[in-house]
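Structure file model01.pdb with PDB, C-alpha atoms:
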MODEL        1
ATOM      1  CA  MET V 900      60.342 117.908 111.148
ATOM      2  CA  SER V 901      61.899 118.797 114.508
ATOM      3  CA  VAL V 902      63.355 115.288 114.703
ATOM      4  CA  VAL V 903      65.077 115.797 111.326
ATOM      5  CA  ASN V 904      66.408 119.177 112.424
ATOM      6  CA  ASP V 905      67.782 117.734 115.658
ATOM      7  CA  SER V 906      69.459 114.887 113.818
ATOM      8  CA  THR V 907      71.113 117.231 111.350
ATOM      9  CA  LEU V 908      72.276 119.487 114.160
ATOM     10  CA  TYR V 909      73.717 116.526 116.038
ATOM     11  CA  PRO V 910      74.670 113.973 113.369
ATOM     12  CA  ARG V 911      76.404 110.711 114.216
ATOM     13  CA  PHE V 912      79.777 109.947 112.643
ATOM     14  CA  LEU V 913      81.177 106.439 112.398
ATOM     15  CA  LEU V 914      84.908 105.922 111.901
ATOM     16  CA  THR V 915      86.199 103.091 109.719
ATOM     17  CA  GLY V 916      89.186 100.836 110.311
ATOM     18  CA  PHE V 917      90.013  98.219 107.680
ATOM     19  CA  PRO V 918      86.688  97.085 106.150
ATOM     20  CA  GLY V 919      86.246  93.319 106.159
ATOM     21  CA  LEU V 920      89.114  92.746 108.595
ATOM     22  CA  GLU V 921      87.259  93.511 111.822
ATOM     23  CA  THR V 922      88.042  90.082 113.297
ATOM     24  CA  ARG V 923      91.767  90.775 112.867
ATOM     25  CA  TYR V 924      91.858  94.208 114.473
ATOM     26  CA  GLY V 925      93.753  92.791 117.440
ATOM     27  CA  LEU V 926      96.616  91.692 115.200
ATOM     28  CA  ILE V 927      96.443  94.820 113.010
ATOM     29  CA  SER V 928      96.671  97.052 116.079
ATOM     30  CA  ILE V 929     100.027  95.554 117.149
ATOM     31  CA  PRO V 930     102.186  97.097 114.379
ATOM     32  CA  ILE V 931     100.183 100.336 114.603
ATOM     33  CA  PHE V 932     100.805 100.480 118.355
ATOM     34  CA  LEU V 933     104.527  99.763 117.866
ATOM     35  CA  VAL V 934     104.779 102.505 115.227
ATOM     36  CA  CYS V 935     103.020 105.026 117.480
ATOM     37  CA  ALA V 936     105.053 104.070 120.563
ATOM     38  CA  THR V 937     108.304 104.290 118.602
ATOM     39  CA  SER V 938     107.280 107.648 117.119
ATOM     40  CA  ILE V 939     106.472 109.151 120.516
ATOM     41  CA  ALA V 940     109.577 107.707 122.190
ATOM     42  CA  GLY V 941     111.818 108.794 119.309
ATOM     43  CA  ASN V 942     110.565 112.378 119.212
ATOM     44  CA  ILE V 943     110.708 112.712 123.000
ATOM     45  CA  THR V 944     114.310 111.451 122.854
ATOM     46  CA  ILE V 945     115.208 114.053 120.219
ATOM     47  CA  LEU V 946     113.679 116.810 122.355
ATOM     48  CA  PHE V 947     115.422 115.554 125.503
ATOM     49  CA  ILE V 948     118.841 115.351 123.833
ATOM     50  CA  ILE V 949     118.553 118.849 122.360
ATOM     51  CA  ARG V 950     117.229 120.268 125.634
ATOM     52  CA  THR V 951     119.973 118.777 127.817
ATOM     53  CA  GLU V 952     122.973 119.260 125.501
ATOM     54  CA  SER V 953     124.006 122.914 125.435
ATOM     55  CA  SER V 954     126.221 122.276 122.387
ATOM     56  CA  LEU V 955     123.046 121.550 120.398
ATOM     57  CA  HIS V 956     121.458 124.909 121.187
ATOM     58  CA  GLN V 957     121.881 126.028 117.592
ATOM     59  CA  PRO V 958     119.375 127.079 114.892
ATOM     60  CA  MET V 959     119.417 123.719 113.093
ATOM     61  CA  TYR V 960     118.489 121.844 116.259
ATOM     62  CA  TYR V 961     115.881 124.395 117.294
ATOM     63  CA  PHE V 962     114.102 123.718 114.003
ATOM     64  CA  LEU V 963     114.528 119.988 114.595
ATOM     65  CA  SER V 964     112.841 120.481 117.981
ATOM     66  CA  MET V 965     109.911 122.171 116.221
ATOM     67  CA  LEU V 966     109.662 119.185 113.886
ATOM     68  CA  ALA V 967     109.717 116.735 116.809
ATOM     69  CA  LEU V 968     107.028 118.699 118.680
ATOM     70  CA  THR V 969     104.866 118.760 115.553
ATOM     71  CA  ASP V 970     105.251 115.011 115.079
ATOM     72  CA  LEU V 971     104.307 114.448 118.722
ATOM     73  CA  GLY V 972     101.205 116.582 118.231
ATOM     74  CA  LEU V 973     100.234 114.674 115.087
ATOM     75  CA  SER V 974     100.710 111.288 116.782
ATOM     76  CA  THR V 975      98.752 112.150 119.932
ATOM     77  CA  THR V 976      95.931 113.714 117.898
ATOM     78  CA  THR V 977      95.286 110.563 115.869
ATOM     79  CA  LEU V 978      95.937 107.967 118.597
ATOM     80  CA  PRO V 979      92.656 108.155 120.592
ATOM     81  CA  THR V 980      90.269 107.398 117.733
ATOM     82  CA  MET V 981      92.567 104.883 116.050
ATOM     83  CA  PHE V 982      92.804 102.706 119.134
ATOM     84  CA  SER V 983      89.142 103.154 120.037
ATOM     85  CA  VAL V 984      88.391 101.586 116.642
ATOM     86  CA  PHE V 985      91.050  98.863 116.614
ATOM     87  CA  TRP V 986      90.978  97.880 120.305
ATOM     88  CA  PHE V 987      87.364  98.454 121.313
ATOM     89  CA  GLN V 988      85.617  98.702 117.923
ATOM     90  CA  ALA V 989      84.070 101.932 119.221
ATOM     91  CA  ARG V 990      83.469 103.677 115.917
ATOM     92  CA  GLU V 991      81.152 106.518 116.882
ATOM     93  CA  ILE V 992      82.611 109.988 117.414
ATOM     94  CA  PRO V 993      80.654 113.166 118.314
ATOM     95  CA  PHE V 994      80.536 115.792 115.578
ATOM     96  CA  ASN V 995      82.333 118.440 117.638
ATOM     97  CA  ALA V 996      85.049 115.991 118.666
ATOM     98  CA  CYS V 997      85.482 115.047 115.013
ATOM     99  CA  LEU V 998      85.861 118.717 114.063
ATOM    100  CA  VAL V 999      88.446 119.250 116.805
ATOM    101  CA  GLN V1000      90.478 116.235 115.695
ATOM    102  CA  MET V1001      90.253 117.296 112.051
ATOM    103  CA  TYR V1002      91.369 120.803 112.994
ATOM    104  CA  PHE V1003      94.489 119.671 114.820
ATOM    105  CA  ILE V1004      95.445 117.009 112.271
ATOM    106  CA  HIS V1005      95.462 119.609 109.506
ATOM    107  CA  VAL V1006      97.094 122.261 111.720
ATOM    108  CA  PHE V1007      99.988 119.944 112.584
ATOM    109  CA  SER V1008     100.309 118.825 108.957
ATOM    110  CA  ILE V1009     100.576 122.434 107.763
ATOM    111  CA  ILE V1010     103.011 123.232 110.578
ATOM    112  CA  GLU V1011     105.207 120.277 109.570
ATOM    113  CA  SER V1012     105.259 121.455 105.966
ATOM    114  CA  ALA V1013     106.312 124.951 107.072
ATOM    115  CA  VAL V1014     108.944 123.640 109.508
ATOM    116  CA  LEU V1015     110.511 121.612 106.696
ATOM    117  CA  LEU V1016     110.643 124.803 104.631
ATOM    118  CA  ALA V1017     112.258 126.673 107.534
ATOM    119  CA  MET V1018     114.830 123.882 107.838
ATOM    120  CA  ALA V1019     115.636 124.240 104.133
ATOM    121  CA  PHE V1020     116.198 127.962 104.688
ATOM    122  CA  ASP V1021     118.435 127.092 107.634
ATOM    123  CA  ARG V1022     120.555 124.795 105.431
ATOM    124  CA  PHE V1023     120.754 127.460 102.719
ATOM    125  CA  VAL V1024     122.022 130.093 105.163
ATOM    126  CA  ALA V1025     124.476 127.629 106.755
ATOM    127  CA  ILE V1026     125.985 126.744 103.350
ATOM    128  CA  ARG V1027     125.893 130.186 101.727
ATOM    129  CA  GLU V1028     126.802 132.351 104.743
ATOM    130  CA  PRO V1029     128.619 130.072 107.208
ATOM    131  CA  LEU V1030     130.400 132.946 108.952
ATOM    132  CA  ARG V1031     127.178 134.925 109.434
ATOM    133  CA  TYR V1032     124.971 131.915 110.176
ATOM    134  CA  ALA V1033     124.541 132.595 113.894
ATOM    135  CA  ALA V1034     124.138 136.331 113.293
ATOM    136  CA  ILE V1035     121.344 135.810 110.738
ATOM    137  CA  LEU V1036     119.425 133.077 112.558
ATOM    138  CA  THR V1037     119.346 134.558 116.045
ATOM    139  CA  ASN V1038     117.096 133.229 118.791
ATOM    140  CA  SER V1039     114.605 136.047 118.246
ATOM    141  CA  VAL V1040     114.449 135.306 114.502
ATOM    142  CA  ILE V1041     113.844 131.608 115.182
ATOM    143  CA  VAL V1042     111.102 132.394 117.709
ATOM    144  CA  GLY V1043     109.501 134.723 115.153
ATOM    145  CA  ILE V1044     109.617 132.020 112.481
ATOM    146  CA  GLY V1045     108.076 129.511 114.882
ATOM    147  CA  LEU V1046     105.239 131.873 115.834
ATOM    148  CA  ALA V1047     104.572 132.717 112.184
ATOM    149  CA  ILE V1048     104.444 129.019 111.281
ATOM    150  CA  ALA V1049     101.993 128.211 114.082
ATOM    151  CA  GLY V1050      99.898 131.339 113.482
ATOM    152  CA  ARG V1051      99.523 130.634 109.767
ATOM    153  CA  ALA V1052      98.369 127.051 110.376
ATOM    154  CA  LEU V1053      95.911 127.983 113.124
ATOM    155  CA  ALA V1054      94.436 130.821 111.065
ATOM    156  CA  LEU V1055      94.158 128.861 107.806
ATOM    157  CA  VAL V1056      92.365 125.815 109.222
ATOM    158  CA  PHE V1057      89.927 127.569 111.566
ATOM    159  CA  PRO V1058      87.529 128.836 108.835
ATOM    160  CA  ALA V1059      87.418 125.320 107.378
ATOM    161  CA  SER V1060      86.073 123.987 110.689
ATOM    162  CA  PHE V1061      83.571 126.846 110.878
ATOM    163  CA  LEU V1062      82.321 126.172 107.338
ATOM    164  CA  LEU V1063      81.888 122.461 108.054
ATOM    165  CA  LYS V1064      79.924 123.296 111.191
ATOM    166  CA  ARG V1065      77.345 125.178 109.088
ATOM    167  CA  LEU V1066      76.698 122.301 106.683
ATOM    168  CA  GLN V1067      73.931 119.704 107.002
ATOM    169  CA  TYR V1068      74.633 115.996 107.325
ATOM    170  CA  ARG V1069      72.763 112.720 107.339
ATOM    171  CA  VAL V1070      71.620 111.234 110.624
ATOM    172  CA  ILE V1071      74.390 108.621 110.371
ATOM    173  CA  ASN V1072      77.575 109.409 108.447
ATOM    174  CA  ILE V1073      80.235 106.799 107.719
ATOM    175  CA  LEU V1074      83.779 108.147 107.395
ATOM    176  CA  SER V1075      86.511 106.424 105.414
ATOM    177  CA  TYR V1076      89.262 106.380 108.044
ATOM    178  CA  PRO V1077      89.792 105.826 111.798
ATOM    179  CA  PHE V1078      90.258 109.609 112.163
ATOM    180  CA  CYS V1079      88.601 112.754 110.815
ATOM    181  CA  LEU V1080      89.922 114.547 107.739
ATOM    182  CA  HIS V1081      88.462 117.600 106.013
ATOM    183  CA  GLN V1082      87.968 115.978 102.611
ATOM    184  CA  ASP V1083      86.269 113.004 104.239
ATOM    185  CA  LEU V1084      83.818 115.141 106.225
ATOM    186  CA  ILE V1085      82.890 117.167 103.138
ATOM    187  CA  LYS V1086      81.996 113.955 101.323
ATOM    188  CA  THR V1087      79.271 113.152 103.886
ATOM    189  CA  THR V1088      77.360 116.451 103.704
ATOM    190  CA  VAL V1089      73.943 116.654 102.059
ATOM    191  CA  SER V1090      73.961 120.431 101.559
ATOM    192  CA  SER V1091      75.954 122.536  99.112
ATOM    193  CA  ARG V1092      79.654 121.963  99.709
ATOM    194  CA  TRP V1093      81.309 124.110  97.061
ATOM    195  CA  VAL V1094      82.399 126.908  99.457
ATOM    196  CA  SER V1095      84.023 124.423 101.852
ATOM    197  CA  SER V1096      85.602 122.505  98.978
ATOM    198  CA  ILE V1097      87.052 125.630  97.365
ATOM    199  CA  TYR V1098      88.327 126.926 100.706
ATOM    200  CA  GLY V1099      89.923 123.546 101.482
ATOM    201  CA  LEU V1100      91.663 123.612  98.102
ATOM    202  CA  MET V1101      92.901 127.162  98.713
ATOM    203  CA  VAL V1102      94.292 126.129 102.108
ATOM    204  CA  VAL V1103      96.266 123.317 100.471
ATOM    205  CA  ILE V1104      97.558 125.600  97.711
ATOM    206  CA  PHE V1105      98.639 128.399 100.045
ATOM    207  CA  SER V1106     100.192 126.083 102.616
ATOM    208  CA  MET V1107     101.682 122.827 101.386
ATOM    209  CA  GLY V1108     101.546 123.805  97.723
ATOM    210  CA  LEU V1109     103.421 127.059  98.317
ATOM    211  CA  ASP V1110     105.794 125.406 100.779
ATOM    212  CA  SER V1111     106.710 122.677  98.287
ATOM    213  CA  LEU V1112     107.520 125.241  95.600
ATOM    214  CA  LEU V1113     109.666 127.254  98.027
ATOM    215  CA  LEU V1114     111.373 124.028  99.134
ATOM    216  CA  LEU V1115     112.242 123.275  95.528
ATOM    217  CA  LEU V1116     113.540 126.823  95.056
ATOM    218  CA  SER V1117     115.596 126.521  98.251
ATOM    219  CA  TYR V1118     117.314 123.384  97.016
ATOM    220  CA  ILE V1119     117.980 124.916  93.611
ATOM    221  CA  LEU V1120     119.738 127.780  95.434
ATOM    222  CA  ILE V1121     121.532 125.335  97.745
ATOM    223  CA  LEU V1122     122.714 123.270  94.779
ATOM    224  CA  GLY V1123     123.921 126.397  92.993
ATOM    225  CA  THR V1124     125.826 127.477  96.101
ATOM    226  CA  VAL V1125     127.366 124.022  96.575
ATOM    227  CA  LEU V1126     128.502 123.829  92.946
ATOM    228  CA  SER V1127     130.248 127.176  93.341
ATOM    229  CA  ILE V1128     132.472 125.763  96.112
ATOM    230  CA  ALA V1129     135.944 125.065  94.726
ATOM    231  CA  SER V1130     136.884 122.076  96.887
ATOM    232  CA  LYS V1131     135.211 118.754  96.057
ATOM    233  CA  ALA V1132     135.530 117.627  99.669
ATOM    234  CA  GLU V1133     133.769 120.781 100.876
ATOM    235  CA  ARG V1134     130.995 120.287  98.311
ATOM    236  CA  VAL V1135     130.389 116.749  99.543
ATOM    237  CA  LYS V1136     130.462 117.923 103.168
ATOM    238  CA  ALA V1137     127.935 120.671 102.438
ATOM    239  CA  LEU V1138     125.569 118.277 100.664
ATOM    240  CA  ASN V1139     125.857 115.740 103.490
ATOM    241  CA  THR V1140     124.402 118.299 105.894
ATOM    242  CA  CYS V1141     121.203 118.230 103.780
ATOM    243  CA  ILE V1142     120.713 114.454 103.565
ATOM    244  CA  SER V1143     118.608 114.146 106.730
ATOM    245  CA  HIS V1144     116.406 117.040 105.676
ATOM    246  CA  ILE V1145     115.892 115.645 102.164
ATOM    247  CA  CYS V1146     114.819 112.325 103.724
ATOM    248  CA  ALA V1147     112.371 114.156 106.006
ATOM    249  CA  VAL V1148     110.901 116.064 103.043
ATOM    250  CA  LEU V1149     110.450 112.870 101.012
ATOM    251  CA  THR V1150     108.955 111.065 104.008
ATOM    252  CA  PHE V1151     106.371 113.834 104.428
ATOM    253  CA  TYR V1152     105.417 114.615 100.831
ATOM    254  CA  THR V1153     105.509 111.127  99.276
ATOM    255  CA  PRO V1154     102.663 109.643 101.416
ATOM    256  CA  MET V1155     100.684 112.870 101.044
ATOM    257  CA  ILE V1156     100.939 112.740  97.236
ATOM    258  CA  GLY V1157     100.145 109.015  97.314
ATOM    259  CA  LEU V1158      96.992 109.627  99.378
ATOM    260  CA  SER V1159      95.908 112.441  97.045
ATOM    261  CA  MET V1160      96.446 110.261  93.964
ATOM    262  CA  ILE V1161      94.570 107.298  95.418
ATOM    263  CA  ARG V1162      91.623 109.561  96.339
ATOM    264  CA  ARG V1163      91.603 111.147  92.897
ATOM    265  CA  TYR V1164      92.239 108.158  90.645
ATOM    266  CA  GLY V1165      91.697 105.107  92.835
ATOM    267  CA  GLN V1166      87.916 104.962  92.985
ATOM    268  CA  ASN V1167      88.043 101.294  92.002
ATOM    269  CA  ALA V1168      90.755 100.460  94.545
ATOM    270  CA  SER V1169      89.885  98.483  97.654
ATOM    271  CA  PRO V1170      88.804 100.597 100.671
ATOM    272  CA  ILE V1171      91.647  98.895 102.543
ATOM    273  CA  VAL V1172      94.126 100.610 100.196
ATOM    274  CA  HIS V1173      92.596 104.017 100.971
ATOM    275  CA  VAL V1174      92.744 103.401 104.727
ATOM    276  CA  LEU V1175      96.300 102.071 104.480
ATOM    277  CA  MET V1176      97.514 105.132 102.561
ATOM    278  CA  ALA V1177      95.848 107.478 105.063
ATOM    279  CA  ASN V1178      97.527 105.668 107.944
ATOM    280  CA  VAL V1179     100.887 105.800 106.187
ATOM    281  CA  TYR V1180     100.421 109.545 105.614
ATOM    282  CA  LEU V1181      99.854 110.245 109.314
ATOM    283  CA  LEU V1182     102.015 107.564 110.951
ATOM    284  CA  VAL V1183     105.171 107.292 108.843
ATOM    285  CA  PRO V1184     106.621 110.852 109.076
ATOM    286  CA  PRO V1185     106.517 110.966 112.919
ATOM    287  CA  LEU V1186     108.153 107.522 112.932
ATOM    288  CA  MET V1187     110.874 108.162 110.373
ATOM    289  CA  ASN V1188     111.976 111.695 111.267
ATOM    290  CA  PRO V1189     113.599 110.840 114.634
ATOM    291  CA  ILE V1190     115.119 107.675 113.130
ATOM    292  CA  VAL V1191     116.603 109.549 110.164
ATOM    293  CA  TYR V1192     118.005 112.386 112.280
ATOM    294  CA  SER V1193     119.357 109.976 114.908
ATOM    295  CA  VAL V1194     121.139 107.870 112.293
ATOM    296  CA  LYS V1195     122.287 110.537 109.839
ATOM    297  CA  THR V1196     123.131 113.408 112.219
ATOM    298  CA  LYS V1197     126.396 112.634 114.007
ATOM    299  CA  GLN V1198     125.848 115.116 116.843
ATOM    300  CA  ILE V1199     122.461 113.596 117.733
ATOM    301  CA  ARG V1200     123.677 110.014 117.296
ATOM    302  CA  ASP V1201     126.780 110.495 119.444
ATOM    303  CA  ARG V1202     124.829 112.061 122.303
ATOM    304  CA  ILE V1203     122.172 109.357 122.263
ATOM    305  CA  LEU V1204     124.884 106.682 122.441
ATOM    306  CA  ARG V1205     126.601 108.579 125.242
ATOM    307  CA  LYS V1206     123.367 108.704 127.243
ATOM    308  CA  LEU V1207     122.813 104.990 126.703
ATOM    309  CA  LYS V1208     126.343 104.164 127.872
ATOM    310  CA  LYS V1209     125.835 106.231 131.028
ATOM    311  CA  HIS V1210     122.672 104.304 131.857
ATOM    312  CA  LYS V1211     124.450 100.971 131.317
ATOM    313  CA  VAL V1212     127.235 101.995 133.679
TER     314      VAL V1212
ENDMDL
END
Transcribe the structure of this file into structure tokens.
Amino acid sequence: MSVVNDSTLYPRFLLTGFPGLETRYGLISIPIFLVCATSIAGNITILFIIRTESSLHQPMYYFLSMLALTDLGLSTTTLPTMFSVFWFQAREIPFNACLVQMYFIHVFSIIESAVLLAMAFDRFVAIREPLRYAAILTNSVIVGIGLAIAGRALALVFPASFLLKRLQYRVINILSYPFCLHQDLIKTTVSSRWVSSIYGLMVVIFSMGLDSLLLLLSYILILGTVLSIASKAERVKALNTCISHICAVLTFYTPMIGLSMIRRYGQNASPIVHVLMANVYLLVPPLMNPIVYSVKTKQIRDRILRKLKKHKV
């Protein structure tokens, strides 16, 4: 009996890459590595440009910095286990390490959702109250928003980790992805999981669910404000300031909805599809956000090109 107790206290967790494609992990890891490297380089570039250009020390770019930092956190949290699986086929991860990774993946995901909401509020204020924009979104207000965003995420996810820690597991537990997610860990438990499941659902509802509704409301208000502008040229200009943010919102929520749908209705789908969707959910937003903002935001694009020209000279 003591052996069973020890094994349930210290269960083994095995990560999963792409089932059936183990011999091709070397090739599969190349695009994943390129995506991760591009994501990290792109977000560091965004942070560097905003940090070094005093003209970009404005609310919009402060929120963009928060988004870049969040994407960096999400990328670096998932990298270690992904490459241990694809490069070394080292699938085993200690339970506590799995909980830590799960905690930070969900914390950064919730932070990203909230930052996107804050950026929508920023666009609403900039379009509705352009003359009072700087007076409303002062540095202290932005710092307060940032602390509230981080505090909410840290506080919401911590009980989920604590609840998972109290559950019992098999001696060997096979996870569905090359990283640890809450819904995947719950699936492996052998004890009652309803408290953890309900709490996980409540976290989603009161974080990303609430954020998505407020995002929709924000854009309804933005659209109403834009339509009230008399000049057609000014309406187009106001909407153009939202294009990058709309792309970032779609890039974040579309893979998340796709992963949720495939988990809910894709029981008969290949495990490779599940793993692919999970990788898209975690890898695509950190990749696309710096690309979208570099291409669509003139101030960022111009300063990146200026830096590149200086280096060439």
Practice item. Name the closest residue to Glu1133 (chain V) among the candidates V:Leu1066, V:Ile1041, V:Ile1026, V:Phe1151; distances are taken between atoms, counting only C-alpha atoms. Key: V:Ile1026
Exercise for review: Would you mind reading off the distance between CA of Ala996 (chain V) and CA of Met1160 (chain V), one decimal, in Å?
Suggested key: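 Here the two named atoms are 27.8 Å from each other.
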Check your understanding: Which polymer residues have any atom within 9 Å of an atom of Ala967 (chain V), counting only C-alpha atoms, with same-chain residues fewer than 6 positions away left out, as a ChimeraX atom specification?
Key -> /V:941-943,945-946,1185,1188-1189
Review point. Taking into account all atoms listed in the file, which residue in the set V:Ile1048, V:Val1172, V:Leu1112, V:Met1018 is nearest to Phe962 (chain V)?
Key: V:Met1018
Review point. Of the candidates V:Ala1059, V:Met981, V:Ala1013, V:Ile1085, which one gets nearest to Ile927 (chain V) if we count only C-alpha atoms?
Key: V:Met981
Exercise for review: Fewer than 2 positions away in the same chain doesn't count, so skip those; otherwise give me all residues within 7 Å of Glu991 (chain V), counting all atoms listed in the file, as a PyMOL selection string.
Suggested key: chain V and resi 911-914+989+993
Practice item. Kindly indicate which residue among V:Ile1203, V:Cys1079, V:Ile1161, V:Leu1055 lies nearest to Phe947 (chain V), using all atoms listed in the file for the distances. Key: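 Using all atoms listed in the file, Phe947 (chain V) sits closest to V:Ile1203.
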Check your understanding: In terms of the shortest atom-to-atom distance over all atoms listed in the file, which of V:Leu1158, V:Ile929, V:Leu1046, V:Val1014 is closest to Asp1110 (chain V)?
Key ->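 Closest candidate: V:Val1014.
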Review point. Which distance in Å separates CA of Ile1199 (chain V) and CA of Gly1123 (chain V), to one decimal?
Key: 27.9 Å
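Here the PyMOL selection byres ((chain V and resi 1191) around 10) captures the residues V:Ile1142, V:Ser1143, V:His1144, V:Cys1146, V:Ala1147, V:Thr1150, V:Leu1186, V:Met1187, V:Asn1188, V:Pro1189, V:Ile1190, V:Tyr1192, V:Ser1193, V:Val1194, V:Lys1195, V:Thr1196.
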Review point. Which of these, V:Asn1139, V:Ser938, V:Ser1169, V:Gln1082, has the shortest distance to Leu978 (chain V) once you count all atoms listed in the file?
Key: V:Ser938
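Pairwise distance (CA of Thr1140 (chain V), CA of Ala1025 (chain V)) equals 9.4 Å.
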Evaluate the PyMOL selection byres ((chain V and resi 1073) around 12) and record the selected residues as a PDB file with C-alpha atoms, keeping the file's coordinate frame, following the chain and residue labels used in the document.
ATOM      1  CA  PRO V 910      74.670 113.973 113.369  1.00  0.00           C
ATOM      2  CA  ARG V 911      76.404 110.711 114.216  1.00  0.00           C
ATOM      3  CA  PHE V 912      79.777 109.947 112.643  1.00  0.00           C
ATOM      4  CA  LEU V 913      81.177 106.439 112.398  1.00  0.00           C
ATOM      5  CA  LEU V 914      84.908 105.922 111.901  1.00  0.00           C
ATOM      6  CA  THR V 915      86.199 103.091 109.719  1.00  0.00           C
ATOM      7  CA  GLY V 916      89.186 100.836 110.311  1.00  0.00           C
ATOM      8  CA  PRO V 918      86.688  97.085 106.150  1.00  0.00           C
ATOM      9  CA  ARG V 990      83.469 103.677 115.917  1.00  0.00           C
ATOM     10  CA  GLU V 991      81.152 106.518 116.882  1.00  0.00           C
ATOM     11  CA  ILE V 992      82.611 109.988 117.414  1.00  0.00           C
ATOM     12  CA  PHE V 994      80.536 115.792 115.578  1.00  0.00           C
ATOM     13  CA  TYR V1068      74.633 115.996 107.325  1.00  0.00           C
ATOM     14  CA  ARG V1069      72.763 112.720 107.339  1.00  0.00           C
ATOM     15  CA  VAL V1070      71.620 111.234 110.624  1.00  0.00           C
ATOM     16  CA  ILE V1071      74.390 108.621 110.371  1.00  0.00           C
ATOM     17  CA  ASN V1072      77.575 109.409 108.447  1.00  0.00           C
ATOM     18  CA  LEU V1074      83.779 108.147 107.395  1.00  0.00           C
ATOM     19  CA  SER V1075      86.511 106.424 105.414  1.00  0.00           C
ATOM     20  CA  TYR V1076      89.262 106.380 108.044  1.00  0.00           C
ATOM     21  CA  PRO V1077      89.792 105.826 111.798  1.00  0.00           C
ATOM     22  CA  PHE V1078      90.258 109.609 112.163  1.00  0.00           C
ATOM     23  CA  CYS V1079      88.601 112.754 110.815  1.00  0.00           C
ATOM     24  CA  ASP V1083      86.269 113.004 104.239  1.00  0.00           C
ATOM     25  CA  LEU V1084      83.818 115.141 106.225  1.00  0.00           C
ATOM     26  CA  ILE V1085      82.890 117.167 103.138  1.00  0.00           C
ATOM     27  CA  LYS V1086      81.996 113.955 101.323  1.00  0.00           C
ATOM     28  CA  THR V1087      79.271 113.152 103.886  1.00  0.00           C
ATOM     29  CA  THR V1088      77.360 116.451 103.704  1.00  0.00           C
TER      30      THR V1088
END
Check your understanding: Leaving out Val1174 (chain V) and any residue of its chain fewer than 3 positions from it, which residues lie within 7 Å of it when counting all atoms listed in the file, given as a ChimeraX atom specification?
Key -> /V:917,1075-1076,1170-1171,1177-1178
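When the PyMOL selection byres ((chain V and resi 931) around 12) is evaluated on the file shown here, the picked residues come out as Gly916, Tyr924, Gly925, Leu926, Ile927, Ser928, Ile929, Pro930, Phe932, Leu933, Val934, Cys935, Ala936, Thr937, Ser938, Ser974, Thr977, Leu978, Met981, Phe982, Phe985, Trp986, Leu1175, Asn1178, Val1179, Leu1181, Leu1182, Val1183 and Leu1186 of chain V.
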Centre and edge lengths, as JSON, for the axis-aligned box enclosing every listed atom of region 952-961 of chain V with 4 Å of padding on each of the six sides, in Å to one decimal?
{"center_x": 121.1, "center_y": 123.2, "center_z": 119.3, "size_x": 18.3, "size_y": 15.8, "size_z": 20.4}
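Residues lying within 7 Å of Met1001 (chain V), counting all atoms listed in the file and ignoring same-chain neighbours fewer than 2 positions away, are Cys997, Leu998, Val999, Phe1003, Ile1004, His1005, Cys1079, Leu1080 and His1081 of chain V.
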